[in-house]
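Beneath this line is the structure, given in structure tokens, with notes to follow.
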Amino acid sequence: MGQLVVSPSPHARSSVSTPNLMYGVIAALLPALAVSIFYFGIGSLIVTLTSVASCVLFEYLIQKFLLKQTPTICDGSAILTGLLLAFNLPSNLPIGIIIVGAAFAIGVGKMAFGGLGQNLFNPALAGRVFLLISFPVQMTTWPVPQGLATNYIDAETGATTLNMLKNHFGNVADASQMFLGNMGGSLGEVSALALLIGFGWLLYKRIITWHIPVTIFATVFVFQGILYLADPVQFATPVQHLLAGGLMLGAIFMATDYVTSPMSVNGKIVYAIGIGVITVVIRNFGAFPEGMSFAILIMNAFTPLINNYIKPKRFGEVK
Amino acid sequence: MFKTFKIGGVHPEANKLSAAKAIVGAQLPKTAVIPLAQHIGAPANAVVQKGDKVKVGQLIGEANGFVSANIHSSVSGTVSKVDLAVDVAGFKKPAVYIDVEGDEWLETIDRTDALVTEIKDDAKTIIGKIKDAGIVGMGGATFPAHVKLSIPDGKKADFLIINGVECEPYLTADHRLMLEKSAELIVGIKILMKAINVDKAYIGIEANKPDAISKLTDLCKNEQGIEVVPLKLKYPQGGEKQLINAISGREVPSGKLPIDAGAVVQNVGTAFAVYEAVQKNKPLIERIVTVTGKTVREPSNFRARIGTPVADLIAAAGGDLEASGKVISGGPMMGKAMTNLESTVTKGTSGLLLMAADESERAAAGPCIRCAKCVDACPMGLEPYLLMQYSQRQMWAEDEANHIMDCIECGCCIFSCPAKRPILDYVRLGKNTVGKIIRSRKQ
């Protein structure tokens, strides 16, 4: 033995590391990706691979040439952003548009704020909303599920369930088909079943806690339930709203993003109630059929405020 | 359903390598180096000088004030010098050096194994004997025991809690003591109950020591008011505030002491030392030391005299220093990394832990990803990530407003951090500075 190593306690560390957590979330997204390929075919795969590759590439280029840092693309966070961005896109979106979205998500959504841990808004959602505003037609033309399709850009398209529910047209799939993911929508959001399997994995691996997703589900269920009971003709059922659109994907994977969600348990609950309420308001009364992305981004903006005012329960607090 | 504390906590690997190893007496050292500052509070004043002959148990350092403790010779022989000696952290502190000759004890000490169950002394005499015997908190904090047992006027203890949790990974000294000295321990607990005038005592033991739980539970069947409370495995359950919370549901108010929640907490090692002091007239001259680690051939539990060189114990357990990078006095969560191997066993040395070279270095820190794992892990309900940021920016007022002084330095924040950030280092810096600011305000 040469010199003794001396450092302050503790001398033990848990085996969990930042890349562990990132790859854990990526693993949790794989069932939903598989279902998406099953329903939408090759388009899902092309969009996902393009999005992931461009996010990783942009992060590498920005870190290396713009910020002159050692690139940290191996930590998995750029891959995760790419996956989540792809999950929020239609499976027939042209490659060029995906690359623009990835550039915005990583360049503006993440690196402009200072990189991992510094961003105020969820980068993938920032990218998605940027695309939604810039390319409204392409972003709202949804392929219908046709089972392992091999066509990509020319896929047959149709309306999403939320659009049908809001504007009262078309044949809304029954709840069991919605649960499996047999409906139009962004490529990763359709299958509640696959996303819930991912949720189970995240809880089992202790990557996230239940507070944010469950609170969002409960808020949407209760709030939409009140609307439905008040006017069952005008408003859709709470179950339809839980299963349709990006609610599951958003609640489980986007709202729980570490960087942009509050730190304390009570803060998380306030944040999640906010997301649930805003989503229901936009979905039922707003211009867009879907409000999840906007709701999360709006509550992201409140996160610093929530952290400042809502503190964890202290031990031995003197009142 | 096992009980546990309400907020936070982590689950480090237990690694109780020496749990099945019976306590063995360590060899007497050639020279014992007995520090005069082995406790929290003022160092004792030496009452021997070079050339004095001493016996085992003889007073060599006298407590200097109320918050201080007597020091006794743990060996017999000749005082070779009273000089500075290096401690685990590398600081030089006054100590008595004794060249060991034979093993001659003071005649007043009862060295037999006979169990003395009858408690003849009254509370005041008991506390006096504990003070004379130089007993301090044996869990590692080394706070003089008589101070904790002297309940301030106007306050009242409702119950005694005996800390047999040993939530630090690797350490098994308390576990072995509970198994091998159970009957003595129960008498020690009854003495402590009499000293603070309570009729209820709880022994908190974590569920990973089922043998100790069942043995003590059996013994307690015949005792009035002593109850074993099995606890769910969770660190830092052995923290005083966490243990009180786990057992009674009470919370020690921020900035206050356990007695403000009606509780007095003593470690099992302390309770055993109290038995020996009161019933056997034996001062605190030896303790159980676990020598363990993945680079130790024979992880062991030694009964070692105070002043035994740590290097002797490491050698006796077959510690492979070549393969080790770090030697820790205590456990891996709150123990101190030793700067040298020249120091000796003190009253607070619960264990010596050798860590393999590859697990000794800290991993490089990455950016905070705000995962809130430190917030969830903090047993005091603090926001460690935030306290670190405030301390880095020297925002001491914000540190204080966010209760930095409540931090118990258990290390759950660093343990749980996926980015391997040195959170507690900065929180300690903040505590230190805020503590100075608070003290200067009072003057």
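By order in the structure tokens, chains are A, B, ...; within a chain, residues start at 1; ligands start at 1, following the order shown.
For chain B, the residues close to chain A, meaning within 6 Å and counting only C-alpha atoms, are Glu251, Val252, Pro253, Ser254, Leu321, Glu322, Gly325, Lys326, Pro332, Met333, Met334, Ala337, Cys368, Ile369, Arg370, Cys371, Ala372, Met380, Gly381, Gly411, Phe415, Ser416, Pro418 and Ala419 of chain B.
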Writing out the chosen residues with C-alpha atoms as a JSON list (two decimals), in the first residue's frame:
[["chain", "number", "residue", "atom", "x", "y", "z"],
["B", 251, "GLU", "CA", -39.74, 13.92, 16.61],
["B", 252, "VAL", "CA", -36.95, 15.75, 18.39],
["B", 253, "PRO", "CA", -37.71, 19.40, 17.57],
["B", 254, "SER", "CA", -35.24, 21.16, 15.29],
["B", 321, "LEU", "CA", -2.88, -3.39, 3.42],
["B", 322, "GLU", "CA", -1.23, -3.83, 0.01],
["B", 325, "GLY", "CA", -6.69, 1.88, -0.59],
["B", 326, "LYS", "CA", -8.51, 3.28, 2.40],
["B", 332, "PRO", "CA", -18.41, 3.20, 5.61],
["B", 333, "MET", "CA", -21.24, 5.70, 5.98],
["B", 334, "MET", "CA", -20.05, 7.93, 8.83],
["B", 337, "ALA", "CA", -10.85, 7.80, 6.59],
["B", 368, "CYS", "CA", -26.84, 17.64, -11.09],
["B", 369, "ILE", "CA", -29.78, 16.20, -13.04],
["B", 370, "ARG", "CA", -32.24, 17.31, -10.35],
["B", 371, "CYS", "CA", -33.48, 13.77, -9.88],
["B", 372, "ALA", "CA", -34.41, 14.61, -6.25],
["B", 380, "MET", "CA", -34.07, 15.23, 8.11],
["B", 381, "GLY", "CA", -36.31, 16.39, 5.25],
["B", 411, "GLY", "CA", -24.27, 10.78, 4.05],
["B", 415, "PHE", "CA", -24.82, 7.79, -1.22],
["B", 416, "SER", "CA", -27.92, 8.22, -3.36],
["B", 418, "PRO", "CA", -26.39, 9.24, -9.36],
["B", 419, "ALA", "CA", -24.12, 12.06, -10.53]]
request  = Determine which residues of segment 271-432 of chain B receive a DSSP assignment of helix (DSSP H, G or I), computed from the backbone, and state them as number ranges by chain.
outcome  = B: 271-280, 310-316, 357-359, 373-377, 384-392, 396-401, 404-406, 412-416, 423-432
inquiry  = Env of Ile26 of chain A: 9 Å cut, atoms = only C-alpha atoms, seq-sep filter 5 positions within chain, self excluded. Answer as JSON, numbers by chain.
reply    = {"A": [21, 76, 79, 80, 83]}
ask   = Can you tell me, as a VMD selection string, what residues are no more than 6 Å from Phe2 of chain B when counting only C-alpha atoms, ignoring any on the same chain fewer than 3 positions away?
value = chain B and resid 230 to 232
Include all heavy atoms and write out the residues we just selected as a tab-separated table (two decimals), in the first residue's frame.
chain	number	residue	atom	x	y	z
B	230	PRO	N	-38.06	-4.80	17.14
B	230	PRO	CA	-37.39	-5.10	15.86
B	230	PRO	C	-37.68	-3.97	14.86
B	230	PRO	O	-38.81	-3.49	14.79
B	230	PRO	CB	-38.04	-6.41	15.40
B	230	PRO	CG	-38.88	-6.87	16.55
B	230	PRO	CD	-39.20	-5.68	17.38
B	231	LEU	N	-36.66	-3.56	14.14
B	231	LEU	CA	-36.82	-2.44	13.22
B	231	LEU	C	-36.52	-2.85	11.80
B	231	LEU	O	-35.69	-3.72	11.55
B	231	LEU	CB	-35.87	-1.30	13.63
B	231	LEU	CG	-36.08	-0.74	15.04
B	231	LEU	CD1	-34.89	0.11	15.45
B	231	LEU	CD2	-37.36	0.07	15.09
B	232	LYS	N	-37.22	-2.21	10.87
B	232	LYS	CA	-36.99	-2.47	9.45
B	232	LYS	C	-35.58	-2.00	9.08
B	232	LYS	O	-35.10	-1.00	9.60
B	232	LYS	CB	-38.04	-1.66	8.66
B	232	LYS	CG	-38.24	-2.10	7.26
B	232	LYS	CD	-39.34	-1.25	6.64
B	232	LYS	CE	-38.99	-0.97	5.19
B	232	LYS	NZ	-39.84	0.03	4.59
message = For Met292 of chain A, find every residue with an atom within 9 Å (counting only C-alpha atoms), except residues of its own chain fewer than 2 positions away, and show them as number ranges by chain.
response = A: 245-247, 250-251, 275-276, 278-280, 282-283, 290, 294-297
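Candidate residues B:Ala246, B:Ala363, B:Ala37, B:Val278 were compared for distance to Ala123 of chain B, and the nearest is B:Val278, using only C-alpha atoms.
Counting only C-alpha atoms, the residue from B:Pro152, B:Gly351, B:Gly188, B:Pro384 that sits nearest to Thr292 of chain B is B:Gly351.
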ask   = So, counting only C-alpha atoms, which residue among A:Ile133, A:Ala244, A:Leu148, A:Ala272 is closest to Leu180 of chain A?
value = A:Ala244
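Closest approach to Cys74 of chain A from the set A:Tyr23, A:Phe113, A:Phe58, A:Phe130 is made by A:Tyr23, with distances taken over only C-alpha atoms.
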key: Two-atom distance - atom CA of Gly134 of chain B, atom CA of Ala46 of chain B (Å)   = 13.7 Å
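Distances from A:Gly181, A:Gly114, A:Gly82, A:Pro94 to Gly147 of chain A were compared using only C-alpha atoms, and the smallest one belongs to A:Gly181.
Nearest residue to Leu89 of chain A, choosing from A:Trp210, A:Phe285, A:Phe135, A:Phe302 and counting only C-alpha atoms: A:Phe135.
Put simply, atom CA of Gly140 of chain B is 11.0 Å away from atom CA of Gly238 of chain B.
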ask   = Ile408 of chain B: which residues within 10 Å, counting only C-alpha atoms, same-chain residues fewer than 3 positions away excluded, as JSON, numbers by chain?
value = {"B": [236, 239, 240, 241, 378, 379, 380, 404, 405, 411, 412, 428]}
ask   = Which residues come within 9 Å of Asn281 of chain B, counting only C-alpha atoms, excluding same-chain residues fewer than 6 positions away, as a PyMOL selection string?
value = chain B and resi 108-110+129+133+275
Take the residues just selected and output them with N, CA and C atoms as a PDB file, in the first residue's frame.
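Dumped to out.pdb:
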ATOM      1  N   THR B 108      -9.594  -3.461  43.335  1.00  0.00           N
ATOM      2  CA  THR B 108     -11.008  -3.100  43.526  1.00  0.00           C
ATOM      3  C   THR B 108     -11.893  -3.594  42.391  1.00  0.00           C
ATOM      4  N   ILE B 109     -11.294  -3.992  41.272  1.00  0.00           N
ATOM      5  CA  ILE B 109     -12.093  -4.414  40.115  1.00  0.00           C
ATOM      6  C   ILE B 109     -12.435  -5.892  40.232  1.00  0.00           C
ATOM      7  N   ASP B 110     -13.743  -6.202  40.056  1.00  0.00           N
ATOM      8  CA  ASP B 110     -14.199  -7.589  40.067  1.00  0.00           C
ATOM      9  C   ASP B 110     -14.004  -8.163  38.668  1.00  0.00           C
ATOM     10  N   LYS B 129     -20.774   6.851  39.580  1.00  0.00           N
ATOM     11  CA  LYS B 129     -19.887   5.751  39.179  1.00  0.00           C
ATOM     12  C   LYS B 129     -19.621   5.778  37.671  1.00  0.00           C
ATOM     13  N   ALA B 133     -16.032   6.214  35.964  1.00  0.00           N
ATOM     14  CA  ALA B 133     -15.501   5.173  35.088  1.00  0.00           C
ATOM     15  C   ALA B 133     -15.150   5.701  33.701  1.00  0.00           C
ATOM     16  N   TYR B 275     -22.898  -1.512  33.069  1.00  0.00           N
ATOM     17  CA  TYR B 275     -22.976  -2.701  33.922  1.00  0.00           C
ATOM     18  C   TYR B 275     -21.624  -2.954  34.585  1.00  0.00           C
TER      19      TYR B 275
END
